[in-house]
>>> print(open('input.txt').read())   # compact mmCIF, N, CA and C atoms
# COMPACT_ATOMS: atom_id res chain seq x y z
N MET A 767 -19.66 -15.32 -11.82
CA MET A 767 -20.10 -13.95 -11.90
C MET A 767 -19.25 -13.22 -12.94
N SER A 768 -19.89 -12.45 -13.77
CA SER A 768 -19.18 -11.71 -14.80
C SER A 768 -18.42 -10.54 -14.18
N PRO A 769 -17.38 -10.08 -14.85
CA PRO A 769 -16.65 -8.91 -14.33
C PRO A 769 -17.57 -7.71 -14.14
N GLN A 770 -18.51 -7.52 -15.06
CA GLN A 770 -19.44 -6.39 -14.94
C GLN A 770 -20.32 -6.53 -13.71
N ALA A 771 -20.79 -7.75 -13.45
CA ALA A 771 -21.63 -7.98 -12.28
C ALA A 771 -20.83 -7.72 -11.00
N GLY A 772 -19.58 -8.15 -10.99
CA GLY A 772 -18.72 -7.90 -9.83
C GLY A 772 -18.49 -6.41 -9.62
N ALA A 773 -18.27 -5.69 -10.70
CA ALA A 773 -18.06 -4.24 -10.60
C ALA A 773 -19.33 -3.56 -10.09
N ASN A 774 -20.48 -4.02 -10.56
CA ASN A 774 -21.74 -3.44 -10.10
C ASN A 774 -21.94 -3.68 -8.61
N LEU A 775 -21.59 -4.89 -8.14
CA LEU A 775 -21.70 -5.17 -6.71
C LEU A 775 -20.77 -4.28 -5.90
N GLU A 776 -19.56 -4.10 -6.42
CA GLU A 776 -18.59 -3.25 -5.72
C GLU A 776 -19.08 -1.80 -5.67
N LEU A 777 -19.64 -1.31 -6.76
CA LEU A 777 -20.18 0.05 -6.78
C LEU A 777 -21.35 0.18 -5.80
N GLU A 778 -22.16 -0.84 -5.72
CA GLU A 778 -23.28 -0.83 -4.77
C GLU A 778 -22.74 -0.80 -3.33
N HIS A 779 -21.71 -1.59 -3.09
CA HIS A 779 -21.08 -1.62 -1.77
C HIS A 779 -20.51 -0.24 -1.43
N ILE A 780 -19.84 0.39 -2.39
CA ILE A 780 -19.30 1.74 -2.17
C ILE A 780 -20.42 2.71 -1.84
N GLY A 781 -21.53 2.62 -2.55
CA GLY A 781 -22.67 3.48 -2.27
C GLY A 781 -23.18 3.31 -0.84
N HIS A 782 -23.26 2.08 -0.38
CA HIS A 782 -23.69 1.83 1.00
C HIS A 782 -22.70 2.42 2.01
N LEU A 783 -21.42 2.25 1.72
CA LEU A 783 -20.39 2.80 2.61
C LEU A 783 -20.47 4.31 2.68
N GLU A 784 -20.63 4.95 1.53
CA GLU A 784 -20.70 6.41 1.50
C GLU A 784 -21.94 6.91 2.25
N LYS A 785 -23.04 6.21 2.10
CA LYS A 785 -24.26 6.58 2.82
C LYS A 785 -24.05 6.43 4.33
N SER A 786 -23.43 5.34 4.72
CA SER A 786 -23.14 5.11 6.14
C SER A 786 -22.22 6.19 6.69
N LEU A 787 -21.21 6.58 5.91
CA LEU A 787 -20.27 7.60 6.36
C LEU A 787 -20.90 8.99 6.41
N ALA A 788 -21.88 9.23 5.55
CA ALA A 788 -22.58 10.52 5.62
C ALA A 788 -23.31 10.62 6.95
N ALA A 789 -23.83 9.50 7.45
CA ALA A 789 -24.54 9.49 8.72
C ALA A 789 -23.58 9.45 9.91
N ASN A 790 -22.42 8.84 9.73
CA ASN A 790 -21.46 8.71 10.82
C ASN A 790 -20.04 8.90 10.27
N PRO A 791 -19.62 10.17 10.08
CA PRO A 791 -18.30 10.43 9.47
C PRO A 791 -17.12 10.11 10.38
N GLN A 792 -17.36 9.69 11.62
CA GLN A 792 -16.27 9.34 12.54
C GLN A 792 -15.98 7.84 12.55
N ASP A 793 -16.59 7.09 11.65
CA ASP A 793 -16.45 5.63 11.62
C ASP A 793 -15.16 5.24 10.89
N VAL A 794 -14.12 5.02 11.68
CA VAL A 794 -12.80 4.70 11.14
C VAL A 794 -12.84 3.45 10.28
N ALA A 795 -13.49 2.43 10.77
CA ALA A 795 -13.53 1.15 10.04
C ALA A 795 -14.19 1.31 8.67
N ARG A 796 -15.23 2.12 8.60
CA ARG A 796 -15.92 2.32 7.32
C ARG A 796 -15.05 3.12 6.36
N TRP A 797 -14.29 4.12 6.86
CA TRP A 797 -13.38 4.87 5.98
C TRP A 797 -12.34 3.93 5.40
N THR A 798 -11.82 3.04 6.24
CA THR A 798 -10.83 2.08 5.77
C THR A 798 -11.47 1.14 4.75
N GLU A 799 -12.66 0.67 5.03
CA GLU A 799 -13.36 -0.23 4.11
C GLU A 799 -13.62 0.46 2.77
N LEU A 800 -13.98 1.75 2.83
CA LEU A 800 -14.20 2.50 1.60
C LEU A 800 -12.89 2.63 0.82
N GLY A 801 -11.80 2.92 1.52
CA GLY A 801 -10.50 2.97 0.86
C GLY A 801 -10.16 1.65 0.20
N ASN A 802 -10.43 0.56 0.90
CA ASN A 802 -10.15 -0.77 0.34
C ASN A 802 -11.01 -1.04 -0.89
N ALA A 803 -12.26 -0.60 -0.87
CA ALA A 803 -13.15 -0.81 -2.02
C ALA A 803 -12.62 -0.03 -3.23
N TYR A 804 -12.22 1.22 -3.01
CA TYR A 804 -11.65 1.99 -4.12
C TYR A 804 -10.31 1.41 -4.57
N PHE A 805 -9.52 0.89 -3.63
CA PHE A 805 -8.27 0.21 -3.96
C PHE A 805 -8.57 -0.92 -4.94
N ASP A 806 -9.54 -1.75 -4.59
CA ASP A 806 -9.90 -2.90 -5.43
C ASP A 806 -10.45 -2.48 -6.78
N MET A 807 -11.04 -1.29 -6.85
CA MET A 807 -11.61 -0.78 -8.11
C MET A 807 -10.57 0.01 -8.91
N HIS A 808 -9.33 0.04 -8.42
CA HIS A 808 -8.23 0.76 -9.09
C HIS A 808 -8.56 2.24 -9.27
N GLN A 809 -9.08 2.83 -8.20
CA GLN A 809 -9.36 4.26 -8.17
C GLN A 809 -8.50 4.88 -7.06
N PRO A 810 -7.20 5.06 -7.36
CA PRO A 810 -6.28 5.46 -6.30
C PRO A 810 -6.59 6.80 -5.65
N LEU A 811 -7.04 7.78 -6.39
CA LEU A 811 -7.27 9.09 -5.77
C LEU A 811 -8.41 9.03 -4.76
N LYS A 812 -9.45 8.28 -5.07
CA LYS A 812 -10.56 8.12 -4.12
C LYS A 812 -10.13 7.26 -2.94
N ALA A 813 -9.31 6.25 -3.19
CA ALA A 813 -8.79 5.43 -2.10
C ALA A 813 -7.92 6.27 -1.16
N ILE A 814 -7.07 7.11 -1.73
CA ILE A 814 -6.20 7.98 -0.94
C ILE A 814 -7.05 8.86 -0.03
N GLU A 815 -8.07 9.45 -0.57
CA GLU A 815 -8.94 10.32 0.23
C GLU A 815 -9.57 9.56 1.39
N ALA A 816 -10.08 8.36 1.12
CA ALA A 816 -10.71 7.57 2.18
C ALA A 816 -9.68 7.14 3.24
N TYR A 817 -8.52 6.70 2.79
CA TYR A 817 -7.48 6.29 3.75
C TYR A 817 -7.02 7.48 4.60
N GLU A 818 -6.88 8.63 3.99
CA GLU A 818 -6.48 9.82 4.76
C GLU A 818 -7.52 10.15 5.82
N ARG A 819 -8.80 10.01 5.48
CA ARG A 819 -9.87 10.25 6.46
C ARG A 819 -9.78 9.24 7.61
N SER A 820 -9.52 7.99 7.28
CA SER A 820 -9.36 6.95 8.29
C SER A 820 -8.18 7.29 9.22
N LEU A 821 -7.06 7.68 8.62
CA LEU A 821 -5.86 7.99 9.40
C LEU A 821 -6.01 9.27 10.23
N ALA A 822 -6.84 10.19 9.76
CA ALA A 822 -7.10 11.39 10.56
C ALA A 822 -7.81 11.03 11.86
N LEU A 823 -8.62 9.98 11.80
CA LEU A 823 -9.35 9.54 12.98
C LEU A 823 -8.55 8.57 13.84
N ARG A 824 -7.71 7.77 13.21
CA ARG A 824 -6.86 6.80 13.92
C ARG A 824 -5.49 6.78 13.26
N PRO A 825 -4.64 7.72 13.67
CA PRO A 825 -3.31 7.80 13.06
C PRO A 825 -2.47 6.56 13.39
N GLY A 826 -1.60 6.24 12.48
CA GLY A 826 -0.60 5.23 12.77
C GLY A 826 -0.96 3.79 12.50
N ASP A 827 -2.06 3.53 11.84
CA ASP A 827 -2.39 2.14 11.51
C ASP A 827 -1.47 1.70 10.38
N PRO A 828 -0.54 0.76 10.64
CA PRO A 828 0.44 0.40 9.61
C PRO A 828 -0.18 -0.23 8.36
N ASN A 829 -1.28 -0.94 8.51
CA ASN A 829 -1.91 -1.55 7.34
C ASN A 829 -2.55 -0.49 6.45
N VAL A 830 -3.21 0.48 7.06
CA VAL A 830 -3.82 1.56 6.27
C VAL A 830 -2.73 2.42 5.65
N LEU A 831 -1.68 2.69 6.40
CA LEU A 831 -0.57 3.48 5.86
C LEU A 831 0.08 2.78 4.66
N THR A 832 0.19 1.47 4.73
CA THR A 832 0.78 0.72 3.62
C THR A 832 -0.14 0.75 2.40
N ASP A 833 -1.43 0.53 2.61
CA ASP A 833 -2.37 0.61 1.49
C ASP A 833 -2.39 2.01 0.89
N LEU A 834 -2.29 3.02 1.74
CA LEU A 834 -2.20 4.40 1.26
C LEU A 834 -0.96 4.57 0.39
N GLY A 835 0.16 4.05 0.85
CA GLY A 835 1.39 4.13 0.06
C GLY A 835 1.26 3.45 -1.29
N ILE A 836 0.60 2.31 -1.32
CA ILE A 836 0.40 1.60 -2.59
C ILE A 836 -0.45 2.45 -3.53
N MET A 837 -1.44 3.13 -3.00
CA MET A 837 -2.29 3.98 -3.84
C MET A 837 -1.53 5.22 -4.30
N TYR A 838 -0.66 5.76 -3.45
CA TYR A 838 0.19 6.86 -3.91
C TYR A 838 1.07 6.38 -5.06
N ARG A 839 1.60 5.18 -4.94
CA ARG A 839 2.42 4.63 -6.02
C ARG A 839 1.59 4.50 -7.29
N GLU A 840 0.38 3.94 -7.16
CA GLU A 840 -0.45 3.74 -8.34
C GLU A 840 -0.80 5.06 -9.02
N SER A 841 -0.84 6.14 -8.24
CA SER A 841 -1.15 7.45 -8.82
C SER A 841 0.11 8.21 -9.24
N GLY A 842 1.27 7.55 -9.14
CA GLY A 842 2.52 8.18 -9.59
C GLY A 842 3.16 9.12 -8.58
N GLN A 843 2.71 9.09 -7.35
CA GLN A 843 3.25 9.97 -6.30
C GLN A 843 4.23 9.17 -5.44
N TYR A 844 5.40 8.92 -6.01
CA TYR A 844 6.33 7.98 -5.42
C TYR A 844 6.92 8.45 -4.09
N GLU A 845 7.25 9.70 -3.97
CA GLU A 845 7.82 10.19 -2.71
C GLU A 845 6.78 10.12 -1.59
N LEU A 846 5.53 10.42 -1.90
CA LEU A 846 4.47 10.28 -0.89
C LEU A 846 4.27 8.82 -0.52
N ALA A 847 4.43 7.93 -1.48
CA ALA A 847 4.36 6.50 -1.19
C ALA A 847 5.45 6.12 -0.19
N LEU A 848 6.68 6.57 -0.44
CA LEU A 848 7.78 6.25 0.47
C LEU A 848 7.51 6.79 1.87
N ARG A 849 7.00 8.00 1.95
CA ARG A 849 6.70 8.58 3.26
C ARG A 849 5.65 7.75 4.00
N SER A 850 4.67 7.30 3.26
CA SER A 850 3.61 6.49 3.87
C SER A 850 4.18 5.16 4.38
N PHE A 851 5.03 4.52 3.59
CA PHE A 851 5.64 3.27 4.03
C PHE A 851 6.53 3.51 5.25
N ASP A 852 7.26 4.63 5.26
CA ASP A 852 8.10 4.96 6.42
C ASP A 852 7.23 5.16 7.67
N ARG A 853 6.12 5.83 7.53
CA ARG A 853 5.20 6.02 8.67
C ARG A 853 4.71 4.66 9.17
N ALA A 854 4.40 3.76 8.26
CA ALA A 854 3.95 2.42 8.66
C ALA A 854 5.04 1.70 9.44
N MET A 855 6.28 1.82 8.98
CA MET A 855 7.39 1.14 9.66
C MET A 855 7.67 1.76 11.03
N ARG A 856 7.47 3.08 11.15
CA ARG A 856 7.63 3.70 12.47
C ARG A 856 6.53 3.23 13.41
N ALA A 857 5.32 3.08 12.89
CA ALA A 857 4.20 2.63 13.71
C ALA A 857 4.39 1.18 14.15
N ASP A 858 4.97 0.35 13.27
CA ASP A 858 5.22 -1.06 13.57
C ASP A 858 6.52 -1.47 12.90
N PRO A 859 7.63 -1.41 13.64
CA PRO A 859 8.93 -1.73 13.05
C PRO A 859 9.03 -3.14 12.46
N THR A 860 8.10 -4.02 12.79
CA THR A 860 8.13 -5.39 12.25
C THR A 860 7.19 -5.56 11.05
N HIS A 861 6.62 -4.47 10.55
CA HIS A 861 5.64 -4.54 9.47
C HIS A 861 6.33 -4.86 8.15
N GLU A 862 6.18 -6.09 7.70
CA GLU A 862 6.89 -6.57 6.52
C GLU A 862 6.35 -5.99 5.21
N ASN A 863 5.04 -5.87 5.10
CA ASN A 863 4.43 -5.41 3.85
C ASN A 863 4.89 -4.00 3.48
N SER A 864 5.02 -3.13 4.47
CA SER A 864 5.47 -1.76 4.17
C SER A 864 6.92 -1.77 3.68
N ARG A 865 7.75 -2.61 4.28
CA ARG A 865 9.15 -2.70 3.83
C ARG A 865 9.22 -3.26 2.40
N PHE A 866 8.45 -4.30 2.15
CA PHE A 866 8.45 -4.88 0.82
C PHE A 866 8.06 -3.83 -0.22
N ASN A 867 6.97 -3.12 0.03
CA ASN A 867 6.48 -2.14 -0.94
C ASN A 867 7.40 -0.95 -1.08
N LYS A 868 8.07 -0.58 -0.02
CA LYS A 868 9.04 0.51 -0.13
C LYS A 868 10.14 0.10 -1.10
N GLY A 869 10.60 -1.14 -1.00
CA GLY A 869 11.62 -1.63 -1.93
C GLY A 869 11.14 -1.61 -3.37
N ILE A 870 9.88 -1.96 -3.58
CA ILE A 870 9.31 -1.95 -4.94
C ILE A 870 9.39 -0.54 -5.54
N VAL A 871 8.94 0.46 -4.77
CA VAL A 871 8.97 1.84 -5.26
C VAL A 871 10.40 2.30 -5.51
N LEU A 872 11.29 2.00 -4.56
CA LEU A 872 12.67 2.42 -4.72
C LEU A 872 13.32 1.81 -5.96
N LEU A 873 13.09 0.52 -6.18
CA LEU A 873 13.75 -0.15 -7.31
C LEU A 873 13.07 0.16 -8.64
N PHE A 874 11.79 -0.12 -8.72
CA PHE A 874 11.13 -0.10 -10.03
C PHE A 874 10.64 1.28 -10.47
N ASP A 875 10.36 2.17 -9.51
CA ASP A 875 9.85 3.49 -9.88
C ASP A 875 10.91 4.58 -9.82
N LEU A 876 11.75 4.53 -8.79
CA LEU A 876 12.73 5.59 -8.60
C LEU A 876 14.14 5.16 -8.99
N HIS A 877 14.33 3.87 -9.28
CA HIS A 877 15.62 3.31 -9.71
C HIS A 877 16.74 3.62 -8.72
N ARG A 878 16.39 3.58 -7.45
CA ARG A 878 17.36 3.77 -6.38
C ARG A 878 17.71 2.38 -5.84
N HIS A 879 18.53 1.69 -6.63
CA HIS A 879 18.83 0.28 -6.42
C HIS A 879 19.44 0.01 -5.04
N ALA A 880 20.43 0.77 -4.65
CA ALA A 880 21.11 0.51 -3.38
C ALA A 880 20.13 0.66 -2.20
N GLU A 881 19.26 1.65 -2.26
CA GLU A 881 18.29 1.84 -1.18
C GLU A 881 17.28 0.69 -1.14
N ALA A 882 16.84 0.25 -2.31
CA ALA A 882 15.91 -0.88 -2.37
C ALA A 882 16.56 -2.12 -1.78
N LYS A 883 17.79 -2.35 -2.15
CA LYS A 883 18.52 -3.52 -1.65
C LYS A 883 18.63 -3.47 -0.13
N ALA A 884 18.95 -2.31 0.42
CA ALA A 884 19.09 -2.17 1.87
C ALA A 884 17.76 -2.44 2.59
N VAL A 885 16.67 -1.93 2.03
CA VAL A 885 15.36 -2.14 2.64
C VAL A 885 15.01 -3.63 2.62
N TRP A 886 15.25 -4.28 1.51
CA TRP A 886 14.91 -5.70 1.40
C TRP A 886 15.86 -6.57 2.22
N GLN A 887 17.11 -6.18 2.34
CA GLN A 887 18.03 -6.94 3.18
C GLN A 887 17.59 -6.87 4.64
N GLU A 888 17.11 -5.72 5.05
CA GLU A 888 16.59 -5.59 6.41
C GLU A 888 15.36 -6.48 6.60
N LEU A 889 14.49 -6.51 5.61
CA LEU A 889 13.32 -7.38 5.67
C LEU A 889 13.75 -8.84 5.74
N LEU A 890 14.77 -9.20 4.98
CA LEU A 890 15.26 -10.58 5.00
C LEU A 890 15.85 -10.93 6.37
N ARG A 891 16.48 -9.98 7.03
CA ARG A 891 16.98 -10.22 8.39
C ARG A 891 15.82 -10.48 9.34
N MET A 892 14.72 -9.75 9.12
CA MET A 892 13.54 -9.93 9.97
C MET A 892 12.86 -11.27 9.70
N ASN A 893 12.78 -11.62 8.41
CA ASN A 893 12.09 -12.84 8.00
C ASN A 893 12.88 -13.49 6.86
N PRO A 894 13.74 -14.45 7.17
CA PRO A 894 14.56 -15.08 6.14
C PRO A 894 13.76 -15.77 5.03
N ARG A 895 12.48 -16.03 5.26
CA ARG A 895 11.65 -16.69 4.24
C ARG A 895 10.72 -15.69 3.53
N ALA A 896 11.01 -14.41 3.63
CA ALA A 896 10.14 -13.40 3.01
C ALA A 896 10.04 -13.61 1.51
N THR A 897 8.82 -13.40 1.01
CA THR A 897 8.56 -13.54 -0.43
C THR A 897 7.70 -12.38 -0.90
N ALA A 898 7.68 -12.21 -2.20
CA ALA A 898 6.76 -11.26 -2.84
C ALA A 898 5.37 -11.90 -2.84
N PRO A 899 4.33 -11.10 -3.05
CA PRO A 899 2.97 -11.67 -3.09
C PRO A 899 2.81 -12.79 -4.12
N ASP A 900 3.61 -12.77 -5.19
CA ASP A 900 3.50 -13.83 -6.20
C ASP A 900 4.34 -15.05 -5.85
N GLY A 901 4.98 -15.04 -4.68
CA GLY A 901 5.78 -16.18 -4.24
C GLY A 901 7.25 -16.09 -4.57
N THR A 902 7.65 -15.08 -5.33
CA THR A 902 9.06 -14.89 -5.65
C THR A 902 9.83 -14.64 -4.36
N GLY A 903 10.92 -15.34 -4.18
CA GLY A 903 11.74 -15.15 -3.00
C GLY A 903 12.36 -13.76 -2.98
N LEU A 904 12.48 -13.21 -1.80
CA LEU A 904 13.05 -11.86 -1.67
C LEU A 904 14.51 -11.84 -2.13
N ARG A 905 15.20 -12.94 -1.97
CA ARG A 905 16.60 -12.98 -2.43
C ARG A 905 16.68 -12.76 -3.95
N THR A 906 15.71 -13.27 -4.67
CA THR A 906 15.67 -13.06 -6.13
C THR A 906 15.49 -11.59 -6.45
N LEU A 907 14.61 -10.92 -5.71
CA LEU A 907 14.41 -9.48 -5.94
C LEU A 907 15.66 -8.69 -5.58
N ILE A 908 16.32 -9.09 -4.50
CA ILE A 908 17.54 -8.39 -4.11
C ILE A 908 18.60 -8.51 -5.21
N GLU A 909 18.67 -9.66 -5.87
CA GLU A 909 19.62 -9.81 -6.98
C GLU A 909 19.32 -8.84 -8.10
N GLN A 910 18.03 -8.49 -8.30
CA GLN A 910 17.67 -7.52 -9.34
C GLN A 910 18.21 -6.13 -9.03
N CYS A 911 18.46 -5.85 -7.77
CA CYS A 911 18.99 -4.54 -7.39
C CYS A 911 20.38 -4.31 -7.96
N ASP A 912 21.09 -5.40 -8.27
CA ASP A 912 22.43 -5.27 -8.80
C ASP A 912 22.47 -5.25 -10.32
N LYS A 913 21.30 -5.33 -10.95
CA LYS A 913 21.24 -5.35 -12.40
C LYS A 913 20.51 -4.11 -12.90
N PRO A 914 20.91 -3.62 -14.08
CA PRO A 914 20.14 -2.50 -14.66
C PRO A 914 18.77 -2.99 -15.08
N LEU A 915 17.77 -2.17 -14.84
CA LEU A 915 16.40 -2.52 -15.26
C LEU A 915 16.18 -2.11 -16.70
N PRO A 916 15.31 -2.84 -17.40
CA PRO A 916 15.03 -2.48 -18.81
C PRO A 916 14.41 -1.10 -18.91
>>> encode(input="input.txt", output="structure tokens")
Amino acid sequence: MSPQAGANLELEHIGHLEKSLAANPQDVARWTELGNAYFDMHQPLKAIEAYERSLALRPGDPNVLTDLGIMYRESGQYELALRSFDRAMRADPTHENSRFNKGIVLLFDLHRHAEAKAVWQELLRMNPRATAPDGTGLRTLIEQCDKPLP
């Protein structure tokens, strides 16, 4: 399937979701699905809106809060991203993805190396085999906290 065909399918899917939500605006799962569709389409502001609607109906979902934080990061709203990751961790203290992403924002966007290192060290205590989505070991990322970034 060509990238254009895939994008067209995703837009069609979004249209169906929006139509469904117009008929049933209390459908938490559909709001989350719409947020995920916009996430995949790299439309962070629309994803944020959908995730916020989902969370208004079902507060405290750590997965939605983490995806919301990632979209805040993508839109350059780093402090809101951190708040979202913190909310996810309060909702589920064992939620690894929120901790990982908080470290990413702290290190690469806000250059708060010591805080990133502390967050990732805590994640490593929770899961000694923790890795980044690309398979990079968390210990490797923690070493970057001690080096100046380009």
>>> closest_residue(input="input.txt", among="A:Leu834, A:Ala882, A:Leu823, A:Arg895", to="A:Gln792", atoms="only N, CA and C atoms")
A:Leu823
>>> closest_residue(input="input.txt", among="A:Val871, A:Leu783, A:Leu800, A:Val794", to="A:Ala822", atoms="only C-alpha atoms")
A:Val794
>>> closest_residue(input="input.txt", among="A:Gly869, A:Pro914, A:Glu840, A:Thr860", to="A:Met892", atoms="all atoms listed in the file")
A:Thr860
>>> residues_around(input="input.txt", residues="stretch 770-779 of chain A", least_positions_apart="6", cutoff="8 Å", atoms="all atoms listed in the file", output="number ranges by chain")
A: 785, 800, 803-804, 807
>>> closest_residue(input="input.txt", among="A:Asn802, A:Tyr844, A:Ser820, A:Leu811", to="A:Leu876", atoms="only N, CA and C atoms")
A:Tyr844
>>> closest_residue(input="input.txt", among="A:Leu831, A:Asp900, A:Arg849, A:Arg819", to="A:Asp793", atoms="only N, CA and C atoms")
A:Arg819
>>> closest_residue(input="input.txt", among="A:Glu799, A:Glu845, A:Gln887, A:Pro894", to="A:Leu907", atoms="only C-alpha atoms")
A:Gln887
>>> residues_around(input="input.txt", residues="A:His861", least_positions_apart="4", cutoff="8 Å", atoms="only N, CA and C atoms", output="MDAnalysis selection string")
chainID A and resid 828:829 854:857 865:866 889
>>> select_by_dssp(input="input.txt", residues="stretch 820-890 of chain A", states="helix (DSSP H, G or I)", output="ChimeraX atom specification")
/A:820-823,828-840,844-857,862-875,879-890
>>> atom_distance(input="input.txt", atom1="atom CA of A:Pro899", atom2="atom N of A:Ile870")
11.9 Å
